[in-house]
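Structure file query37.txt (compact mmCIF, C-alpha atoms) is printed below.
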# COMPACT_ATOMS: atom_id res chain seq x y z
CA MET J 1 -29.10 -6.43 7.36
CA THR J 2 -31.63 -6.35 4.52
CA ASP J 3 -32.93 -2.92 5.66
CA ASP J 4 -29.41 -1.47 5.64
CA TYR J 5 -28.80 -2.50 2.03
CA SER J 6 -32.20 -1.86 0.44
CA GLU J 7 -30.71 0.64 -2.01
CA VAL J 8 -28.07 -1.89 -3.07
CA PHE J 9 -30.78 -4.47 -3.74
CA ARG J 10 -32.86 -1.94 -5.68
CA ARG J 11 -30.02 -0.56 -7.80
CA PHE J 12 -28.70 -3.99 -8.77
CA GLY J 13 -32.16 -5.55 -9.09
CA ILE J 14 -31.54 -8.40 -6.65
CA GLU J 15 -33.69 -9.85 -3.90
CA PRO J 16 -33.30 -8.60 -0.29
CA GLN J 17 -31.21 -11.11 1.65
CA GLU J 18 -28.61 -11.69 4.32
CA SER J 19 -24.93 -11.48 3.40
CA THR J 20 -23.28 -14.69 2.28
CA TYR J 21 -20.12 -13.63 4.14
CA LEU J 22 -19.79 -12.91 7.85
CA TYR J 23 -17.21 -10.13 7.72
CA ALA J 24 -18.45 -7.97 4.83
CA PRO J 25 -21.67 -7.57 2.82
CA VAL J 26 -21.75 -9.91 -0.18
CA PHE J 27 -25.05 -10.67 -1.90
CA ARG J 28 -26.07 -13.16 -4.57
CA GLY J 29 -28.31 -12.33 -7.51
CA VAL J 30 -28.90 -12.67 -11.22
CA ILE J 31 -28.19 -9.87 -13.69
CA GLY J 32 -28.89 -10.38 -17.38
CA GLY J 33 -29.32 -14.08 -16.79
CA VAL J 34 -25.89 -14.41 -15.14
CA ALA J 35 -25.43 -15.36 -11.49
CA VAL J 36 -23.51 -12.63 -9.67
CA ALA J 37 -21.98 -11.64 -6.36
CA VAL J 38 -22.62 -8.00 -5.44
CA LYS J 39 -20.04 -6.49 -3.11
CA ARG J 40 -18.13 -3.36 -2.19
CA THR J 41 -14.88 -2.33 -3.81
CA HIS J 42 -12.51 0.65 -3.67
CA SER J 43 -10.90 2.79 -6.36
CA PRO J 44 -13.34 1.13 -8.77
CA GLU J 45 -11.94 2.42 -12.05
CA ALA J 46 -8.37 1.38 -11.20
CA MET J 47 -9.61 -1.90 -9.73
CA GLY J 48 -11.51 -2.65 -12.92
CA ARG J 49 -8.44 -1.95 -15.06
CA TRP J 50 -6.31 -4.18 -12.85
CA VAL J 51 -8.55 -7.23 -12.82
CA ARG J 52 -9.20 -6.94 -16.54
CA HIS J 53 -5.44 -6.78 -17.10
CA LEU J 54 -5.01 -9.91 -14.98
CA ALA J 55 -7.75 -11.75 -16.86
CA GLY J 56 -6.24 -10.64 -20.15
CA VAL J 57 -2.93 -12.33 -19.36
CA GLY J 58 -4.61 -15.51 -18.21
CA VAL J 59 -4.72 -15.02 -14.44
CA PRO J 60 -8.00 -16.47 -13.08
CA VAL J 61 -9.82 -13.59 -11.39
CA VAL J 62 -13.32 -12.16 -11.44
CA THR J 63 -14.02 -9.02 -13.47
CA PRO J 64 -17.03 -6.69 -13.00
CA LEU J 65 -20.25 -7.40 -14.88
CA ALA J 66 -22.10 -4.36 -13.51
CA GLY J 67 -21.19 -1.20 -11.68
CA PRO J 68 -19.52 0.57 -10.10
CA ARG J 69 -22.46 2.22 -8.38
CA ARG J 70 -21.98 4.66 -5.53
CA ILE J 71 -24.37 3.71 -2.73
CA GLY J 72 -24.26 4.78 0.89
CA GLY J 73 -20.75 6.19 0.62
CA TYR J 74 -19.32 3.00 -0.94
CA ASP J 75 -18.63 1.78 -4.46
CA TRP J 76 -20.44 -1.44 -5.33
CA VAL J 77 -19.88 -3.85 -8.22
CA ALA J 78 -21.32 -7.13 -9.42
CA TYR J 79 -18.87 -9.94 -10.19
CA PRO J 80 -19.82 -13.26 -11.79
CA TRP J 81 -20.62 -15.90 -9.22
CA ILE J 82 -17.96 -18.60 -9.58
CA ASP J 83 -19.12 -22.17 -9.16
CA GLY J 84 -16.64 -24.45 -7.49
CA ARG J 85 -15.54 -25.69 -4.12
CA THR J 86 -13.79 -24.22 -1.12
CA TYR J 87 -10.18 -24.80 -0.16
CA ASP J 88 -9.64 -28.26 1.34
CA GLY J 89 -6.18 -27.85 2.89
CA SER J 90 -4.62 -30.50 0.66
CA PRO J 91 -1.07 -30.20 -0.70
CA ALA J 92 -2.54 -29.81 -4.19
CA ASP J 93 -4.73 -26.87 -3.12
CA ILE J 94 -1.82 -25.23 -1.30
CA CYS J 95 0.48 -25.58 -4.32
CA ALA J 96 -2.21 -24.18 -6.59
CA ALA J 97 -2.66 -21.17 -4.32
CA GLY J 98 1.08 -20.44 -4.22
CA ASP J 99 1.22 -20.77 -8.00
CA LEU J 100 -1.64 -18.28 -8.36
CA LEU J 101 0.00 -15.72 -6.07
CA GLY J 102 3.23 -15.97 -8.07
CA ARG J 103 1.34 -15.39 -11.30
CA LEU J 104 -0.46 -12.41 -9.76
CA HIS J 105 2.82 -10.81 -8.75
CA VAL J 106 4.40 -11.36 -12.16
CA ALA J 107 1.37 -9.87 -13.91
CA GLY J 108 1.35 -6.99 -11.44
CA ASN J 109 4.86 -6.00 -12.55
CA ALA J 110 3.85 -5.62 -16.18
CA GLU J 111 3.84 -2.27 -17.94
CA GLY J 112 0.37 -0.81 -18.08
CA SER J 113 -0.94 -2.80 -15.12
CA THR J 114 -0.61 0.05 -12.63
CA GLY J 115 -3.34 2.40 -11.47
CA LEU J 116 -4.15 0.96 -8.08
CA PRO J 117 -3.65 3.20 -5.04
CA GLY J 118 -0.16 3.20 -3.61
CA PHE J 119 0.65 1.49 -0.33
CA GLU J 120 0.34 3.85 2.64
CA TRP J 121 3.07 3.51 5.24
CA PRO J 122 1.83 3.80 8.83
CA ASP J 123 2.62 6.72 11.10
CA HIS J 124 1.89 5.52 14.63
CA ASP J 125 2.03 7.88 17.58
CA GLU J 126 2.41 6.81 21.20
CA GLU J 127 -1.35 6.76 21.68
CA SER J 128 -1.98 4.33 18.80
CA VAL J 129 0.84 2.07 20.00
CA GLU J 130 -0.67 2.06 23.48
CA GLU J 131 -4.03 1.12 21.98
CA ASP J 132 -2.43 -1.90 20.29
CA VAL J 133 -0.71 -3.03 23.48
CA THR J 134 -3.83 -2.49 25.59
CA GLY J 135 -6.07 -4.17 23.02
CA LEU J 136 -3.82 -7.21 22.84
CA ASP J 137 -3.66 -7.41 26.62
CA LYS J 138 -7.46 -7.19 26.83
CA VAL J 139 -8.25 -10.06 24.45
CA LEU J 140 -5.59 -12.29 25.95
CA LYS J 141 -6.77 -11.61 29.49
CA ALA J 142 -10.34 -12.42 28.47
CA TYR J 143 -9.73 -15.45 26.27
CA ARG J 144 -6.19 -16.81 26.71
CA PRO J 145 -4.74 -15.68 30.04
CA ASP J 146 -2.31 -18.59 29.81
CA LEU J 147 -0.65 -16.84 26.85
CA GLN J 148 -0.84 -13.29 28.18
CA GLY J 149 2.68 -13.03 29.58
CA GLU J 150 4.35 -14.86 26.69
CA VAL J 151 2.64 -12.90 23.92
CA LEU J 152 2.94 -9.47 25.49
CA GLY J 153 6.57 -10.19 26.33
CA ARG J 154 7.22 -10.81 22.63
CA PHE J 155 5.03 -8.14 21.09
CA GLU J 156 5.12 -5.12 23.37
CA PRO J 157 8.80 -4.19 22.84
CA LEU J 158 8.46 -4.56 19.08
CA LEU J 159 5.22 -2.60 18.93
CA ARG J 160 6.85 0.23 20.87
CA SER J 161 9.95 0.21 18.63
CA PHE J 162 8.12 -0.39 15.33
CA MET J 163 8.43 3.17 14.02
CA ALA J 164 12.16 3.29 14.71
CA THR J 165 13.18 -0.23 13.63
CA THR J 166 10.85 -2.52 11.66
CA LEU J 167 9.13 0.20 9.63
CA PRO J 168 12.23 1.94 8.26
CA ALA J 169 13.93 -1.39 7.56
CA ILE J 170 11.14 -2.22 5.10
CA ARG J 171 10.01 1.23 3.98
CA ASP J 172 13.48 2.53 3.12
CA ALA J 173 14.76 -0.59 1.37
CA ASP J 174 13.33 0.31 -2.05
CA LEU J 175 11.77 -3.14 -2.39
CA PRO J 176 10.13 -4.16 -5.70
CA VAL J 177 6.48 -3.23 -5.87
CA ALA J 178 3.62 -4.78 -7.80
CA ASP J 179 -0.14 -4.62 -8.06
CA VAL J 180 -1.07 -7.05 -5.26
CA THR J 181 -4.18 -8.24 -3.47
CA MET J 182 -3.11 -7.51 0.13
CA ASP J 183 -5.75 -10.07 1.13
CA PHE J 184 -4.63 -13.34 -0.41
CA LYS J 185 -6.25 -16.03 1.71
CA ALA J 186 -8.16 -19.24 1.23
CA VAL J 187 -11.64 -17.78 1.79
CA ASN J 188 -11.06 -15.44 -1.17
CA LEU J 189 -10.44 -18.32 -3.56
CA VAL J 190 -12.91 -20.66 -5.25
CA TYR J 191 -11.46 -23.85 -6.66
CA SER J 192 -12.80 -24.78 -10.09
CA GLN J 193 -11.75 -27.77 -12.14
CA ALA J 194 -9.03 -25.60 -13.69
CA GLY J 195 -7.72 -24.43 -10.31
CA PRO J 196 -8.29 -21.54 -7.91
CA VAL J 197 -10.01 -18.32 -8.96
CA LEU J 198 -9.49 -15.08 -7.02
CA VAL J 199 -13.03 -13.95 -6.21
CA ASP J 200 -12.20 -11.06 -3.87
CA PRO J 201 -9.52 -8.80 -5.38
CA ASP J 202 -10.97 -5.66 -3.81
CA ASN J 203 -8.20 -4.83 -1.34
CA GLY J 204 -5.71 -4.52 -4.19
CA GLU J 205 -3.04 -1.83 -4.13
CA ARG J 206 0.44 -1.06 -5.43
CA ALA J 207 2.71 -2.33 -2.67
CA PRO J 208 5.95 -4.21 -1.96
CA ARG J 209 5.31 -7.73 -3.15
CA LEU J 210 7.31 -9.09 -0.21
CA LEU J 211 4.70 -7.74 2.22
CA ASP J 212 1.90 -9.36 0.21
CA LEU J 213 3.73 -12.69 0.39
CA ALA J 214 4.30 -12.27 4.13
CA LEU J 215 0.63 -11.49 4.68
CA ALA J 216 -0.39 -14.61 2.75
CA VAL J 217 1.91 -16.73 4.94
CA LEU J 218 0.36 -15.41 8.14
CA LEU J 219 -3.31 -15.09 7.23
CA PHE J 220 -3.98 -17.63 4.48
CA HIS J 221 -6.03 -19.78 6.88
CA ASN J 222 -7.78 -16.82 8.55
CA ASP J 223 -11.61 -16.73 8.57
CA LEU J 224 -12.03 -20.30 7.30
CA PRO J 225 -15.26 -21.93 8.48
CA ASP J 226 -13.48 -25.16 9.39
CA ARG J 227 -10.00 -26.57 9.79
CA PRO J 228 -7.06 -26.12 9.56
CA ALA J 229 -7.36 -23.90 12.64
CA ARG J 230 -3.75 -22.73 12.43
CA LEU J 231 -1.16 -21.15 10.17
CA PHE J 232 0.78 -23.13 7.56
CA ASP J 233 3.01 -25.83 8.98
CA GLU J 234 6.53 -26.28 7.60
CA MET J 235 5.57 -28.71 4.84
CA GLU J 236 2.56 -26.65 3.75
CA TRP J 237 4.67 -23.51 3.60
CA ALA J 238 7.32 -25.31 1.55
CA ALA J 239 4.67 -26.35 -0.98
CA PHE J 240 3.19 -22.85 -1.19
CA ARG J 241 6.61 -21.18 -1.33
CA ASP J 242 8.04 -23.43 -4.03
CA ALA J 243 5.00 -22.92 -6.24
CA TYR J 244 5.25 -19.15 -5.76
CA LEU J 245 8.99 -19.08 -6.46
CA GLY J 246 8.36 -20.99 -9.65
CA HIS J 247 7.20 -17.64 -11.04
CA VAL J 248 8.91 -14.94 -8.96
CA ARG J 249 12.65 -14.45 -8.57
CA LEU J 250 13.15 -12.43 -5.41
CA THR J 251 16.03 -9.98 -5.10
CA VAL J 252 18.90 -10.25 -2.65
CA ARG J 253 17.42 -7.46 -0.56
CA GLU J 254 13.99 -9.10 -0.45
CA ARG J 255 15.54 -12.32 0.78
CA GLU J 256 17.58 -10.50 3.41
CA LEU J 257 14.51 -8.67 4.67
CA TRP J 258 12.14 -11.64 4.68
CA PRO J 259 12.18 -12.07 8.50
CA ALA J 260 11.62 -8.33 8.92
CA ALA J 261 8.71 -8.47 6.44
CA LEU J 262 7.07 -11.27 8.42
CA THR J 263 7.54 -9.29 11.62
CA TYR J 264 6.15 -6.15 9.96
CA MET J 265 2.94 -7.87 8.87
CA LEU J 266 2.59 -9.69 12.18
CA LEU J 267 2.77 -6.39 14.07
CA GLU J 268 0.57 -4.45 11.65
CA TRP J 269 -2.00 -7.00 10.47
CA GLY J 270 -1.60 -9.86 12.93
CA VAL J 271 -2.13 -7.70 16.01
CA TRP J 272 -5.09 -5.93 14.39
CA THR J 273 -6.64 -9.30 13.48
CA ALA J 274 -6.31 -10.57 17.05
CA VAL J 275 -7.60 -7.37 18.68
CA ASN J 276 -10.46 -6.96 16.23
CA GLY J 277 -11.35 -10.60 16.84
CA GLY J 278 -12.40 -9.60 20.34
CA GLU J 279 -14.90 -7.13 18.87
CA VAL J 280 -16.44 -9.37 16.20
CA GLY J 281 -16.66 -12.61 18.21
CA ASP J 282 -13.74 -14.49 16.66
CA TRP J 283 -12.35 -15.49 20.05
CA ASP J 284 -15.72 -17.06 20.91
CA ASP J 285 -15.44 -19.37 17.89
CA PRO J 286 -13.22 -22.35 18.84
CA ARG J 287 -11.82 -22.69 15.33
CA GLN J 288 -10.95 -19.03 14.91
CA ALA J 289 -9.68 -18.75 18.48
CA ALA J 290 -7.23 -21.59 17.81
CA PHE J 291 -6.04 -19.83 14.66
CA LEU J 292 -5.54 -16.53 16.50
CA ALA J 293 -3.57 -18.25 19.26
CA ASP J 294 -1.28 -19.83 16.67
CA LEU J 295 -0.89 -16.45 14.97
CA LEU J 296 0.22 -14.77 18.20
CA THR J 297 2.67 -17.53 19.14
CA VAL J 298 4.06 -18.31 15.67
CA ASP J 299 7.76 -19.05 15.25
CA ILE J 300 8.58 -17.21 12.03
CA THR J 301 11.64 -19.38 11.44
CA ARG J 302 9.04 -21.95 10.38
CA TYR J 303 8.92 -20.07 7.06
CA PRO J 304 12.34 -19.92 5.37
CA LEU J 305 12.37 -18.71 1.79
CA GLU J 306 14.61 -21.58 0.73
CA TRP J 307 15.35 -25.09 1.84
CA LEU J 308 18.39 -24.95 4.12
CA ALA J 309 21.18 -27.37 3.28
CA PRO J 310 22.78 -29.20 6.22
CA GLY J 311 25.44 -27.02 7.81
CA THR J 312 24.00 -23.74 6.50
CA VAL J 313 24.90 -20.88 8.84
CA ARG J 314 22.00 -18.76 10.02
CA GLN J 315 22.70 -15.03 9.88
CA PRO J 316 21.49 -12.63 12.61
CA PRO J 317 18.52 -10.36 11.86
CA ILE J 318 18.77 -6.66 11.24
CA SER J 319 18.79 -5.24 14.76
CA GLY J 320 15.37 -4.77 16.27
CA THR J 321 13.32 -5.86 13.28
CA SER J 322 12.51 -9.52 13.85
CA LEU J 323 10.50 -11.43 16.42
CA LEU J 324 12.79 -14.43 16.21
CA PRO J 325 16.19 -15.38 14.82
CA HIS J 326 16.72 -14.74 11.13
CA THR J 327 16.76 -17.71 8.74
CA ASP J 328 19.67 -17.65 6.31
CA LEU J 329 18.54 -17.88 2.74
CA ALA J 330 20.26 -20.41 0.51
CA GLY J 331 20.00 -20.60 -3.25
CA PRO J 332 20.71 -18.35 -6.25
CA LEU J 333 20.03 -14.67 -5.74
CA ASP J 334 19.33 -11.74 -8.02
CA ASP J 335 21.10 -8.43 -7.66

As a first step, turn the structure in this file into structure tokens.
Amino acid sequence: MTDDYSEVFRRFGIEPQESTYLYAPVFRGVIGGVAVAVKRTHSPEAMGRWVRHLAGVGVPVVTPLAGPRRIGGYDWVAYPWIDGRTYDGSPADICAAGDLLGRLHVAGNAEGSTGLPGFEWPDHDEESVEEDVTGLDKVLKAYRPDLQGEVLGRFEPLLRSFMATTLPAIRDADLPVADVTMDFKAVNLVYSQAGPVLVDPDNGERAPRLLDLALAVLLFHNDLPDRPARLFDEMEWAAFRDAYLGHVRLTVRERELWPAALTYMLLEWGVWTAVNGGEVGDWDDPRQAAFLADLLTVDITRYPLEWLAPGTVRQPPISGTSLLPHTDLAGPLDD
């Protein structure tokens, strides 16, 4: 790896080394007496404006100390290295993470915070859908043949109908957008004494905030080096959700489309994560393999947006958009 990134080391004045992160190149160093993390970013000028806006309104996030520098077809920056600890899976850490995501979404709605690239809606043809179905079948056959029939039975019909059902239900709903991370997960947070700091904002874009929340639900525990080797359970989700909703008041339409948003991200990001896991060795890692199995068998009714009072009637989902029955959403709603 050091040979591949020699120009990065030279331009930032840091020692040749192996990446500190398995899935992307991240290097430690010292610039001007300050410990840094050197990594890739995208849309660097807009990204810089966004994170500086967040920091300016008190949201804990790293901001560039050096760069951007165009090297090998990528934009590289140096962020301050944040001292702290990793996520421990405790209720306090989960609440703090949900609180941070809510603050990010509120700040991302502010005037003058825009500039990030807009969310790109997919345009799948029959060939790309077939690749998803085949890829999912391949990893399950190789690593979890016991789940092959169950998972394909759930996913294949929805993958094949995605462009006609799930996509337009979300895309055409005119959902509120914000500057969001689109990668809000535990491995991208460092917990300081003051709480979590977002140390990897570099997938940020202007997108429906509901999709960013759905992605956090599904992938918050992805790529962790240890347990929990699963998605949020019901109590963990309730803690995360309530902290998030302490800052964000979702609209009626967002609440109605919550099951469809979870299904959307499960089909788009969840399937990719599982299929790509067969290429990068994730299914060979017992911890990550357990997480991926939970991802592919998740019951999305585990994640209601509100506590359901006894006797609450569950409403049916919008036809063809949800993996599992829709959870009715109690509580006050915005127009």

Quick one: everything within 8 Å of region 117-123 of chain J, counting only C-alpha atoms, minus sequence neighbours fewer than 3 positions away in the same chain. Send it as a PDB file with C-alpha atoms, in the frame of the given file.
ATOM      1  CA  SER J  43     -10.900   2.790  -6.360  1.00  0.00           C
ATOM      2  CA  ALA J  46      -8.370   1.380 -11.200  1.00  0.00           C
ATOM      3  CA  MET J 163       8.430   3.170  14.020  1.00  0.00           C
ATOM      4  CA  ARG J 171      10.010   1.230   3.980  1.00  0.00           C
ATOM      5  CA  GLU J 205      -3.040  -1.830  -4.130  1.00  0.00           C
ATOM      6  CA  ARG J 206       0.440  -1.060  -5.430  1.00  0.00           C
ATOM      7  CA  ALA J 207       2.710  -2.330  -2.670  1.00  0.00           C
ATOM      8  CA  PRO J 208       5.950  -4.210  -1.960  1.00  0.00           C
TER       9      PRO J 208
END

**Request:** Rank nothing, just name the residue among J:Ala107, J:Val252, J:Val151, J:Ile31 nearest to Asp174 (chain J), using all atoms listed in the file.
**Result:** J:Val252

**Asked** Out of J:Gly84, J:Gly149, J:Pro44, J:Gly108, which residue has the shortest atom-to-atom distance to Ala66 (chain J) when counting all atoms listed in the file?
**Response** J:Pro44

**Request:** Do a neighbour search on region 9-18 of chain J at 9 Å with all atoms listed in the file, toss out local chain neighbours closer than 4 positions, and write the hits as a PyMOL selection string.
**Result:** chain J and resi 1-3+5+25-31+38+66-67+69+71+77-78

Might I get the box with edges along x, y and z of the file that holds all atoms of region 118-137 of chain J listed there, padded by 4 Å on every side, given as centre and edge lengths in Å to one decimal, as lines of an AutoDock Vina configuration file?
center_x = -1.5
center_y = 0.2
center_z = 11.5
size_x = 17.1
size_y = 23.3
size_z = 38.2

**Fill in**
The distance between CA of Leu140 (chain J) and CA of Val271 (chain J) is 11.5 Å

**Message:** So that I can check the surroundings of Glu131 (chain J), please list as an NGL selection string every protein, DNA and RNA residue that reaches within 12 Å of it, counting all atoms listed in the file and ignoring chain neighbours fewer than 4 positions away.
**Reply:** :J and (124-127 or 135-138 or 156 or 159-160 or 271-272 or 275-276)

**Message:** I want to know what sits within 12 Å of Asp223 (chain J), based on only C-alpha atoms, with residues of the same chain fewer than 4 positions away left out; could you give that as an MDAnalysis selection string?
**Reply:** chainID J and resid 21:24 87 183:188 219 227:231 273:274 277 280:283 285:292

Per-residue nearest contacts region 85-200 of chain J to region 237-245 of chain J, cut-off 6 Å, using all atoms listed in the file, as a tab-separated table:
residue	atom	partner	partner_atom	distance
J:Ile94	CA	J:Phe240	CA	5.5
J:Cys95	CA	J:Phe240	CA	5.0
J:Gly98	CA	J:Phe240	CA	4.4
J:Asp99	CA	J:Ala243	CA	4.7
J:Gly102	CA	J:Tyr244	CA	4.4

**Item:** Nearest residue to Leu104 (chain J) from the set J:Gly58, J:Gly32, J:Pro64, J:Gly73 (distances using only C-alpha atoms)
**Value:**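 For Leu104 (chain J), the nearest of the candidates is J:Gly58.
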
**Request:** Select, from J:Gly278, J:Leu211, J:Thr297, J:Met235, the residue with the minimum atom-to-atom distance to Arg255 (chain J), counting all atoms listed in the file.
**Result:**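 Using all atoms listed in the file, Arg255 (chain J) sits closest to J:Leu211.
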
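Nearest to Ala173 (chain J) of all the residues J:Tyr303, J:Trp81, J:Trp258, J:Tyr74 is J:Trp258, counting all atoms listed in the file.
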
**Prompt:** Which residue out of J:Asp299, J:Glu234, J:Glu279, J:Asp200 has the minimum interatomic distance to Met47 (chain J) when all atoms listed in the file are used?
**Reply:** J:Asp200

**Request:** State, in Å with one decimal place, the distance from CA of Leu296 (chain J) to CA of Leu147 (chain J).
**Result:** 8.9 Å

**Request:** Enter the distance from CA of Val197 (chain J) to CA of Val62 (chain J), in Å, rounded to one decimal.
**Result:**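 Separation of CA of Val197 (chain J) and CA of Val62 (chain J): 7.4 Å.
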
Near Asp75 (chain J), counting all atoms listed in the file, which residues have an atom at most 6 Å away, once you skip same-chain residues fewer than 3 positions from it, shown as an mmCIF file with C-alpha atoms, in the frame of the given file?
data_model
loop_
_atom_site.group_PDB
_atom_site.id
_atom_site.type_symbol
_atom_site.label_atom_id
_atom_site.label_comp_id
_atom_site.auth_asym_id
_atom_site.auth_seq_id
_atom_site.Cartn_x
_atom_site.Cartn_y
_atom_site.Cartn_z
ATOM 1 C CA ARG J 40 -18.130 -3.360 -2.190
ATOM 2 C CA THR J 41 -14.880 -2.330 -3.810
ATOM 3 C CA PRO J 68 -19.520 0.570 -10.100
ATOM 4 C CA ARG J 69 -22.460 2.220 -8.380
ATOM 5 C CA ARG J 70 -21.980 4.660 -5.530
#
